[in-house]
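Chemist: Handing you this structure, nothing more for now.
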Amino acid sequence: MAAIIVQGKEVAQSIRAELANEVAELKKQGIVPGLTVVLVGDDPASQSYVRGKSKGCEEVGIASELILKDASITEEELLTIIQQLNENPNVNGILVQLPLPKHISETAVIEAIHPDKDVDGFHPISVGNMVLGNETFLPCTPHGIIELIKRTGTDMSGKHAVVIGRSNIVGKPVSLLLQQENATVTMCHSLTQNLEEFTKKADILVVATGRAHMIGKEHVKPGAVVIDVGVNRIETGKLVGDVKFDEVKEVASYITPVPGGVGPMTITMLLKNTVAAARKQANR
Ligand code: NDP
């Protein structure tokens with residue numbers, strides 16, 4: 001039987017509707033959640049992500065501000081801007097769009113953001129709290145993936161989850177969050193030998209490699225939940241995932257499409273973190 005397609009767009013829409021109600025309630029108390037996005041340079045993909053974030057803010061009632069800076073900005077100037085945002089009480093969340101030009105240290109920039117405003121969840125303090133299982137801002141893509149799996153009705157407890165990819169923004173954190181949901185987790189990467197041996201045992205398979213169509217039906221256990229994080233532009237100009245959607249959907253029980261799967265959830269989790277930041281900062 002063909003898999004059920006997990007429509008991330010629809011799930012994201014319903015979470016955004018819940019957030020819009022929450023923001024309306026906060027506004028009655030005089031609290032207006034605010035997100036500032038800093039974009040350095042003119043990378044078209046980054047510009048498109050930033051537009052999506054502004055649109056998402058507008059949809060749920062978050063006040064959003066975009067600070068655009070030329071790629072020639074110095075690290076010191078950028079750190080000064082972040083310091084000013086840290087001190088601005090109207091700014092609840094700060095996001096610096098990555099990647100940054102080579103002459104600016106991403107580590108220095110991430111560490112400059114106050115952990116209370118770190119709605120991307122990349123600050124070492126946020127990461128440390130996530131590892132410890134403390135309440136914190138979870139990184140948006142891994143958090144969105146967990147929400148999507150939950151909404152399929154899948155109980156992750158005791159299941160074997162296999163994650164392909166070990167980046168700091170997807171593979172590592174999603175492995176940890178799956179383990180916190182009581183899954184038994186195997187992490188694979190580019191040096192894993194006999195990848196198929198691992199993926200074929202997965203009840204939940206999360207693929208985040210950035211390699212177009214690398215996972216076919218021969219890699220997938222019948223009935224598995226398959227989450228495709230990859231976003232790859234192929235020669236025809238089309239966006240595709242890391243999974244061969246058409247054939248894998250014939251063996252999986254649930255599968256996310258690309259586009260329209262994980263992507264819409266990422267921005268939604270950013271909005272969720274911003275609302276949580278506003279609430280937390282108001283209660284201080
Ligand atoms: P990275 O390039 O940072 O990491 C890719 C990971 O995949 C690495 O750990 C690498 O292993 C592993 N890998 C690469 N090739 C293979 C292979 N042949 N077999 C097994 N493992 C392999 O990418 P990201 O984690 O940042 O992103 C992954 C994908 O997800 C990209 O397509 C990206 O565009 C997309 N993405 C989508 C988001 C969304 O919102 N939809 C958000 C973030 C990312 P090794 O460590 O050994 O090099």
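Identifiers in this document derive from the order of the structure tokens: chains are assigned A, B, ..., residues are numbered from 1 separately in each chain, and ligands are numbered from 1 in order of occurrence.
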Name the residues, by chain letter and number, that sit within 8 Å of ligand 1 using only C-alpha atoms and all ligand atoms, and give them as a PyMOL selection string.

Modeler: chain A and resi 140-141+164-171+188-192+195+207-212+214+229-232+241-242+259+261-267

Chemist: Which residues of stretch 128-229 of chain A come within 9 Å of stretch 7-14 of chain A, and for each one, what is the closest pair of atoms and their distance in Å to one decimal, counting only C-alpha atoms, sorted by chain and residue number, as a tab-separated table?

Modeler:
```
residue	atom	partner	partner_atom	distance
A:Gly144	CA	A:Ala12	CA	8.8
A:Glu147	CA	A:Val11	CA	8.8
A:Leu148	CA	A:Gly8	CA	7.0
A:Arg151	CA	A:Val11	CA	7.9
```

Chemist: Excluding A:Leu178 and residues on its chain fewer than 5 positions from it, collect all residues at most 10 Å away from it, counting only C-alpha atoms, and give them as a list in words.

Modeler: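 Non-adjacent residues within range: Pro142, His143, Ile145, Ile146, Ile149, Met156, Ser157, Lys159, His160, Ala161, Val162, Val163, Pro173, Ala183, Thr184, Val185 and Ile204 of chain A.
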
Chemist: Could those selected residues go to a file with all heavy atoms, as a compact mmCIF listing (two decimals), in the first residue's frame?

Modeler:
```txt
# COMPACT_ATOMS: atom_id res chain seq x y z
N PRO A 142 15.24 20.38 13.36
CA PRO A 142 15.05 19.14 14.13
C PRO A 142 13.75 19.14 14.94
O PRO A 142 13.04 18.13 14.98
CB PRO A 142 16.26 19.11 15.07
CG PRO A 142 17.28 19.98 14.40
CD PRO A 142 16.53 21.03 13.68
N HIS A 143 13.40 20.29 15.52
CA HIS A 143 12.16 20.39 16.28
C HIS A 143 10.96 20.15 15.36
O HIS A 143 10.01 19.43 15.70
CB HIS A 143 12.10 21.78 16.92
CG HIS A 143 11.00 21.95 17.92
ND1 HIS A 143 10.68 23.17 18.44
CD2 HIS A 143 10.14 21.06 18.48
CE1 HIS A 143 9.67 23.01 19.29
NE2 HIS A 143 9.33 21.75 19.33
N ILE A 145 10.92 18.43 12.65
CA ILE A 145 10.88 17.01 12.25
C ILE A 145 10.17 16.18 13.33
O ILE A 145 9.31 15.34 13.03
CB ILE A 145 12.33 16.48 12.02
CG1 ILE A 145 12.93 17.16 10.79
CG2 ILE A 145 12.35 14.96 11.90
CD1 ILE A 145 14.43 16.93 10.61
N ILE A 146 10.51 16.44 14.59
CA ILE A 146 9.88 15.69 15.69
C ILE A 146 8.37 15.96 15.71
O ILE A 146 7.56 15.04 15.85
CB ILE A 146 10.53 16.06 17.06
CG1 ILE A 146 12.02 15.69 17.06
CG2 ILE A 146 9.79 15.42 18.23
CD1 ILE A 146 12.35 14.21 17.00
N ILE A 149 6.70 13.97 12.93
CA ILE A 149 6.58 12.53 13.25
C ILE A 149 5.44 12.32 14.26
O ILE A 149 4.62 11.41 14.11
CB ILE A 149 7.92 11.95 13.79
CG1 ILE A 149 9.02 12.09 12.74
CG2 ILE A 149 7.75 10.48 14.19
CD1 ILE A 149 10.42 11.72 13.23
N MET A 156 7.23 7.05 19.06
CA MET A 156 8.66 6.84 18.79
C MET A 156 9.32 5.94 19.82
O MET A 156 10.39 5.38 19.58
CB MET A 156 9.38 8.20 18.74
CG MET A 156 9.01 9.01 17.51
SD MET A 156 9.67 10.68 17.55
CE MET A 156 8.19 11.61 17.94
N SER A 157 8.66 5.76 20.96
CA SER A 157 9.26 5.01 22.06
C SER A 157 9.61 3.57 21.64
O SER A 157 8.75 2.83 21.15
CB SER A 157 8.27 4.99 23.23
OG SER A 157 8.83 4.26 24.28
N LYS A 159 11.22 2.54 19.19
CA LYS A 159 11.41 2.33 17.74
C LYS A 159 12.88 2.53 17.38
O LYS A 159 13.61 3.24 18.08
CB LYS A 159 10.56 3.31 16.93
CG LYS A 159 9.08 3.16 17.17
CD LYS A 159 8.51 1.98 16.39
CE LYS A 159 7.14 1.56 16.90
NZ LYS A 159 6.16 2.61 16.89
N HIS A 160 13.29 1.93 16.28
CA HIS A 160 14.65 2.14 15.80
C HIS A 160 14.65 3.30 14.80
O HIS A 160 14.03 3.20 13.74
CB HIS A 160 15.17 0.85 15.15
CG HIS A 160 16.61 0.94 14.76
ND1 HIS A 160 17.24 0.03 13.97
CD2 HIS A 160 17.56 1.86 15.06
CE1 HIS A 160 18.51 0.37 13.81
NE2 HIS A 160 18.72 1.49 14.46
N ALA A 161 15.31 4.38 15.19
CA ALA A 161 15.39 5.54 14.29
C ALA A 161 16.81 5.58 13.71
O ALA A 161 17.78 5.47 14.44
CB ALA A 161 15.09 6.82 15.05
N VAL A 162 16.89 5.73 12.40
CA VAL A 162 18.21 5.87 11.76
C VAL A 162 18.26 7.26 11.12
O VAL A 162 17.35 7.66 10.39
CB VAL A 162 18.43 4.77 10.70
CG1 VAL A 162 19.73 5.00 9.93
CG2 VAL A 162 18.45 3.39 11.37
N VAL A 163 19.32 8.00 11.46
CA VAL A 163 19.50 9.35 10.93
C VAL A 163 20.71 9.32 10.01
O VAL A 163 21.79 8.86 10.41
CB VAL A 163 19.73 10.36 12.07
CG1 VAL A 163 20.00 11.76 11.51
CG2 VAL A 163 18.54 10.39 13.02
N PRO A 173 21.39 17.25 16.24
CA PRO A 173 20.27 17.54 17.14
C PRO A 173 19.05 16.64 16.95
O PRO A 173 18.40 16.28 17.92
CB PRO A 173 19.94 19.02 16.87
CG PRO A 173 20.64 19.36 15.61
CD PRO A 173 21.79 18.43 15.45
N ALA A 183 13.38 6.78 21.32
CA ALA A 183 13.75 5.92 20.19
C ALA A 183 15.17 5.39 20.42
O ALA A 183 15.94 5.99 21.17
CB ALA A 183 13.69 6.71 18.89
N THR A 184 15.48 4.28 19.76
CA THR A 184 16.86 3.78 19.75
C THR A 184 17.48 4.31 18.47
O THR A 184 16.95 4.06 17.39
CB THR A 184 16.85 2.23 19.74
OG1 THR A 184 16.12 1.80 20.88
CG2 THR A 184 18.25 1.66 19.74
N VAL A 185 18.55 5.08 18.60
CA VAL A 185 19.00 5.88 17.45
C VAL A 185 20.35 5.40 16.90
O VAL A 185 21.29 5.17 17.65
CB VAL A 185 19.12 7.37 17.84
CG1 VAL A 185 19.50 8.21 16.63
CG2 VAL A 185 17.80 7.88 18.43
N ILE A 204 12.01 4.42 11.71
CA ILE A 204 11.93 5.85 11.36
C ILE A 204 13.25 6.19 10.68
O ILE A 204 14.32 5.96 11.24
CB ILE A 204 11.76 6.72 12.63
CG1 ILE A 204 10.48 6.34 13.38
CG2 ILE A 204 11.78 8.20 12.29
CD1 ILE A 204 10.42 6.86 14.80
```

Chemist: Env of A:Gly52: 12 Å cut, atoms = only C-alpha atoms, seq-sep filter 3 positions within chain, self excluded. Answer as an mmCIF file with N, CA, C and O atoms, in the first residue's frame.

Modeler:
```
data_model
loop_
_atom_site.group_PDB
_atom_site.id
_atom_site.type_symbol
_atom_site.label_atom_id
_atom_site.label_comp_id
_atom_site.auth_asym_id
_atom_site.auth_seq_id
_atom_site.Cartn_x
_atom_site.Cartn_y
_atom_site.Cartn_z
ATOM 1 N N VAL A 37 15.667 39.926 12.097
ATOM 2 C CA VAL A 37 16.505 39.072 11.253
ATOM 3 C C VAL A 37 17.598 39.950 10.641
ATOM 4 O O VAL A 37 17.314 41.038 10.132
ATOM 5 N N ALA A 45 19.473 32.501 -2.095
ATOM 6 C CA ALA A 45 18.791 31.514 -1.243
ATOM 7 C C ALA A 45 18.505 32.130 0.124
ATOM 8 O O ALA A 45 17.392 32.002 0.653
ATOM 9 N N SER A 46 19.491 32.856 0.677
ATOM 10 C CA SER A 46 19.291 33.493 1.987
ATOM 11 C C SER A 46 18.168 34.531 1.915
ATOM 12 O O SER A 46 17.345 34.629 2.815
ATOM 13 N N GLN A 47 18.144 35.293 0.801
ATOM 14 C CA GLN A 47 17.089 36.310 0.646
ATOM 15 C C GLN A 47 15.713 35.649 0.646
ATOM 16 O O GLN A 47 14.772 36.145 1.267
ATOM 17 N N SER A 48 15.635 34.486 -0.010
ATOM 18 C CA SER A 48 14.354 33.793 -0.083
ATOM 19 C C SER A 48 13.949 33.247 1.296
ATOM 20 O O SER A 48 12.783 33.362 1.702
ATOM 21 N N TYR A 49 14.900 32.693 2.064
ATOM 22 C CA TYR A 49 14.590 32.199 3.414
ATOM 23 C C TYR A 49 14.099 33.350 4.296
ATOM 24 O O TYR A 49 13.138 33.220 5.047
ATOM 25 N N LYS A 55 7.286 36.779 6.152
ATOM 26 C CA LYS A 55 5.895 36.451 5.806
ATOM 27 C C LYS A 55 5.255 35.655 6.950
ATOM 28 O O LYS A 55 4.114 35.903 7.339
ATOM 29 N N GLY A 56 6.011 34.708 7.497
ATOM 30 C CA GLY A 56 5.515 33.893 8.614
ATOM 31 C C GLY A 56 5.190 34.763 9.820
ATOM 32 O O GLY A 56 4.151 34.581 10.467
ATOM 33 N N CYS A 57 6.063 35.725 10.117
ATOM 34 C CA CYS A 57 5.837 36.635 11.251
ATOM 35 C C CYS A 57 4.533 37.399 11.052
ATOM 36 O O CYS A 57 3.702 37.506 11.963
ATOM 37 N N GLU A 58 4.377 37.924 9.839
ATOM 38 C CA GLU A 58 3.184 38.702 9.517
ATOM 39 C C GLU A 58 1.920 37.866 9.736
ATOM 40 O O GLU A 58 0.948 38.328 10.326
ATOM 41 N N GLU A 59 1.986 36.625 9.284
ATOM 42 C CA GLU A 59 0.844 35.710 9.384
ATOM 43 C C GLU A 59 0.372 35.510 10.823
ATOM 44 O O GLU A 59 -0.822 35.420 11.075
ATOM 45 N N SER A 64 8.122 41.996 12.913
ATOM 46 C CA SER A 64 9.436 41.574 12.420
ATOM 47 C C SER A 64 10.179 42.745 11.809
ATOM 48 O O SER A 64 9.583 43.659 11.235
ATOM 49 N N LEU A 66 13.819 43.624 9.540
ATOM 50 C CA LEU A 66 14.921 43.041 8.772
ATOM 51 C C LEU A 66 16.049 44.062 8.698
ATOM 52 O O LEU A 66 15.841 45.207 8.281
ATOM 53 N N GLY A 263 10.463 21.624 5.191
ATOM 54 C CA GLY A 263 10.736 23.058 5.004
ATOM 55 C C GLY A 263 9.751 23.989 5.719
ATOM 56 O O GLY A 263 10.168 24.822 6.527
ATOM 57 N N PRO A 264 8.433 23.855 5.461
ATOM 58 C CA PRO A 264 7.477 24.784 6.098
ATOM 59 C C PRO A 264 7.495 24.690 7.629
ATOM 60 O O PRO A 264 7.148 25.647 8.318
ATOM 61 N N MET A 265 7.912 23.533 8.148
ATOM 62 C CA MET A 265 7.941 23.363 9.613
ATOM 63 C C MET A 265 9.081 24.167 10.235
ATOM 64 O O MET A 265 8.988 24.622 11.372
ATOM 65 N N THR A 266 10.180 24.321 9.493
ATOM 66 C CA THR A 266 11.354 24.999 10.044
ATOM 67 C C THR A 266 11.007 26.439 10.447
ATOM 68 O O THR A 266 11.263 26.858 11.580
ATOM 69 N N ILE A 267 10.385 27.175 9.534
ATOM 70 C CA ILE A 267 10.041 28.573 9.846
ATOM 71 C C ILE A 267 8.991 28.621 10.964
ATOM 72 O O ILE A 267 9.046 29.465 11.856
ATOM 73 N N THR A 268 8.076 27.673 10.929
ATOM 74 C CA THR A 268 7.022 27.671 11.953
ATOM 75 C C THR A 268 7.606 27.487 13.355
ATOM 76 O O THR A 268 7.156 28.117 14.318
ATOM 77 N N LEU A 270 10.509 28.474 14.249
ATOM 78 C CA LEU A 270 11.153 29.762 14.577
ATOM 79 C C LEU A 270 10.113 30.724 15.166
ATOM 80 O O LEU A 270 10.370 31.421 16.153
ATOM 81 N N LEU A 271 8.921 30.729 14.569
ATOM 82 C CA LEU A 271 7.845 31.598 15.075
ATOM 83 C C LEU A 271 7.462 31.162 16.488
ATOM 84 O O LEU A 271 7.261 31.985 17.385
#
```

Chemist: Using only C-alpha atoms, find the one residue out of A:Glu65, A:Val226, A:Ala112, A:Pro99 that sits nearest to A:Thr154.

Modeler: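 Of A:Glu65, A:Val226, A:Ala112, A:Pro99, the one nearest A:Thr154, counting only C-alpha atoms, is A:Val226.
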
Chemist: Measuring between only C-alpha atoms, which one of A:Ala63, A:Met269, A:Ala24, A:Val50 shows the shortest distance to A:Leu98?

Modeler: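 Once distances to A:Leu98 are computed over only C-alpha atoms, the minimum belongs to A:Val50.
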